[in-house]
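Working notes, beginning with the structure itself.
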Amino acid sequence: MRGRKKTGLKNLGGDIMEKMKKKGKVTIGAILIVALLASMAFMSSVSAQATSQNVSDIGAKEKEVISQVTETGKFSKNVEAAEKIRKEIEREMEKEIETSVNNSFQKELTRGSVVYLGIDATFYNADEGDKGTSTWGVCPRFYGSEYYLNANKDEAASVVGPGGCGGAGAWAWVGKYFYVSGSGSQTANIRMEGHMYGLTSAFAGGSGNSNIDLVVKDLDTGTKYTTNIYSQSAGGVGWFEVDEDFNNGVAVNLQAGHDYIAYLELQTSAAVYGAGEGGSDFGRQDGDFDGEGTNYFHIKVDF
């Protein structure tokens, strides 16, 4: 059926242009009609391809969901409603991550890695990590998360739709504890170098968001220092892929005698209200996988 529909749309556009040419009335309106029909044919082609995508395609699940969306008209109000749902899920995830980091702290881990005030240090491993998910409402959803200490890597995916009223979020963090030795305090630039690979999408009223942060936390005072590595939102219609290295840092006043953790935090969230699709795919948990996720190569403490 999709193949026949695609051919029919192309023929219809050609017939309209041919008839208008014969009558000498090729107008802007006619051109716009043909352009509209061509775009419909393209979306039909995407729908047809979705069913044949293999799991190594980063957008396979998103294309599959989009192919099932039947409503593509005005959806600005749906987008607003979907974004409200998504932001509520994100607030809940922030609380979960904060609790997770606090609960994971063990002094014996930090004392194994010491930073001496005024002396640069580099860490290549991870001590601890955690993962979690959050959902709201009712809608088809594919989501989940994982962390890998041996690869310093976070994975998370949240893809929702087609249709419904709800959303899903998934998060993961992985990082390194260290203890600061010496006397007094000194400011250091804590840098993290790594790689990120993922997709943020939305279609016909859905909403998706992806966020990656470098966070350094003083575990004695609770003070957090955060810098954003990557942030991407998609609302209504959007398709944003990222596959690149990063090198980000944050200035931290390190206090002698205090324990710290530097970690890579990944959040994905998506929501729909009515028809549509929303997605943030940085992992295998949506059912397809081509290496998505974010990981760090090393963490540097530069004075």
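Naming works like this for the structure tokens: A, B, ... for the chains as they're shown, residue 1 at the start of each chain, ligands 1 onward in shown order.
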Neighbour list for A:Thr110 as a short mmCIF file (atom, residue, chain, number, x, y, z; two decimals) with C-alpha atoms, in the first residue's frame, cut-off 7 Å, only C-alpha atoms, skip fewer than 4 positions in-chain:
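Result file is around-v9.cif:
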data_model
loop_
_atom_site.label_atom_id
_atom_site.label_comp_id
_atom_site.auth_asym_id
_atom_site.auth_seq_id
_atom_site.Cartn_x
_atom_site.Cartn_y
_atom_site.Cartn_z
CA TYR A 177 35.83 9.98 43.28
CA PHE A 178 38.94 11.68 44.64
CA TYR A 179 40.24 13.09 47.92
CA ASP A 259 36.00 14.39 49.13
#
Exercise for the section: Pick out the residues sitting within 7 Å of A:Gly175, and hand them over as an NGL selection string; count only C-alpha atoms, and ignore anything fewer than 4 positions along from it in its own chain. Expected result: :A and (126-129 or 261-264)
Prev. selection, C-alpha atoms, output as an mmCIF file, in the first residue's frame:
data_model
loop_
_atom_site.group_PDB
_atom_site.id
_atom_site.type_symbol
_atom_site.label_atom_id
_atom_site.label_comp_id
_atom_site.auth_asym_id
_atom_site.auth_seq_id
_atom_site.Cartn_x
_atom_site.Cartn_y
_atom_site.Cartn_z
ATOM 1 C CA ALA A 126 35.388 5.295 36.821
ATOM 2 C CA ASP A 127 34.563 4.264 40.380
ATOM 3 C CA GLU A 128 30.807 4.394 40.469
ATOM 4 C CA GLY A 129 27.652 5.016 38.470
ATOM 5 C CA ILE A 261 33.207 13.298 42.666
ATOM 6 C CA ALA A 262 33.457 14.287 38.985
ATOM 7 C CA TYR A 263 30.863 12.575 36.843
ATOM 8 C CA LEU A 264 29.334 12.465 33.381
#
Problem - Length of the atom CA of A:Ala204 to atom CA of A:Gly276 vector [Å] - result: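 Going from atom CA of A:Ala204 over to atom CA of A:Gly276, I get 4.5 Å.
For A:Tyr296, the set of protein, DNA and RNA residues having any atom at most 7 Å away, when counting only C-alpha atoms and skipping those fewer than 2 positions along the same chain, is Asn152, Lys153, Met192, Glu193, Gly194, His195 and His298 of chain A.
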Practice task
Write down as number ranges by chain the residues belonging to stretch 96-214 of chain A that are assigned alpha helix (DSSP H) by DSSP computed on the backbone.
Solution key: A: 96-104, 107-110
For the residues in the current selection, export C-alpha atoms as a PDB file, in the first residue's frame.
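Written out: out-v8.pdb:
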ATOM      1  CA  GLU A  96      16.492  10.938  41.435  1.00  0.00           C
ATOM      2  CA  ILE A  97      20.028  11.694  40.219  1.00  0.00           C
ATOM      3  CA  GLU A  98      20.764  13.901  43.222  1.00  0.00           C
ATOM      4  CA  THR A  99      19.651  11.149  45.607  1.00  0.00           C
ATOM      5  CA  SER A 100      21.581   8.526  43.656  1.00  0.00           C
ATOM      6  CA  VAL A 101      24.888  10.416  43.764  1.00  0.00           C
ATOM      7  CA  ASN A 102      24.539  11.139  47.486  1.00  0.00           C
ATOM      8  CA  ASN A 103      23.666   7.545  48.335  1.00  0.00           C
ATOM      9  CA  SER A 104      26.525   6.066  46.317  1.00  0.00           C
ATOM     10  CA  LYS A 107      34.865   7.226  51.579  1.00  0.00           C
ATOM     11  CA  GLU A 108      37.050   4.205  50.904  1.00  0.00           C
ATOM     12  CA  LEU A 109      36.622   4.875  47.168  1.00  0.00           C
ATOM     13  CA  THR A 110      37.699   8.523  47.329  1.00  0.00           C
TER      14      THR A 110
END
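Among the candidate residues A:Arg141, A:Lys217, A:Arg284, A:Lys87, the one lying nearest to A:Glu155 is A:Arg284, with distances computed using only C-alpha atoms.
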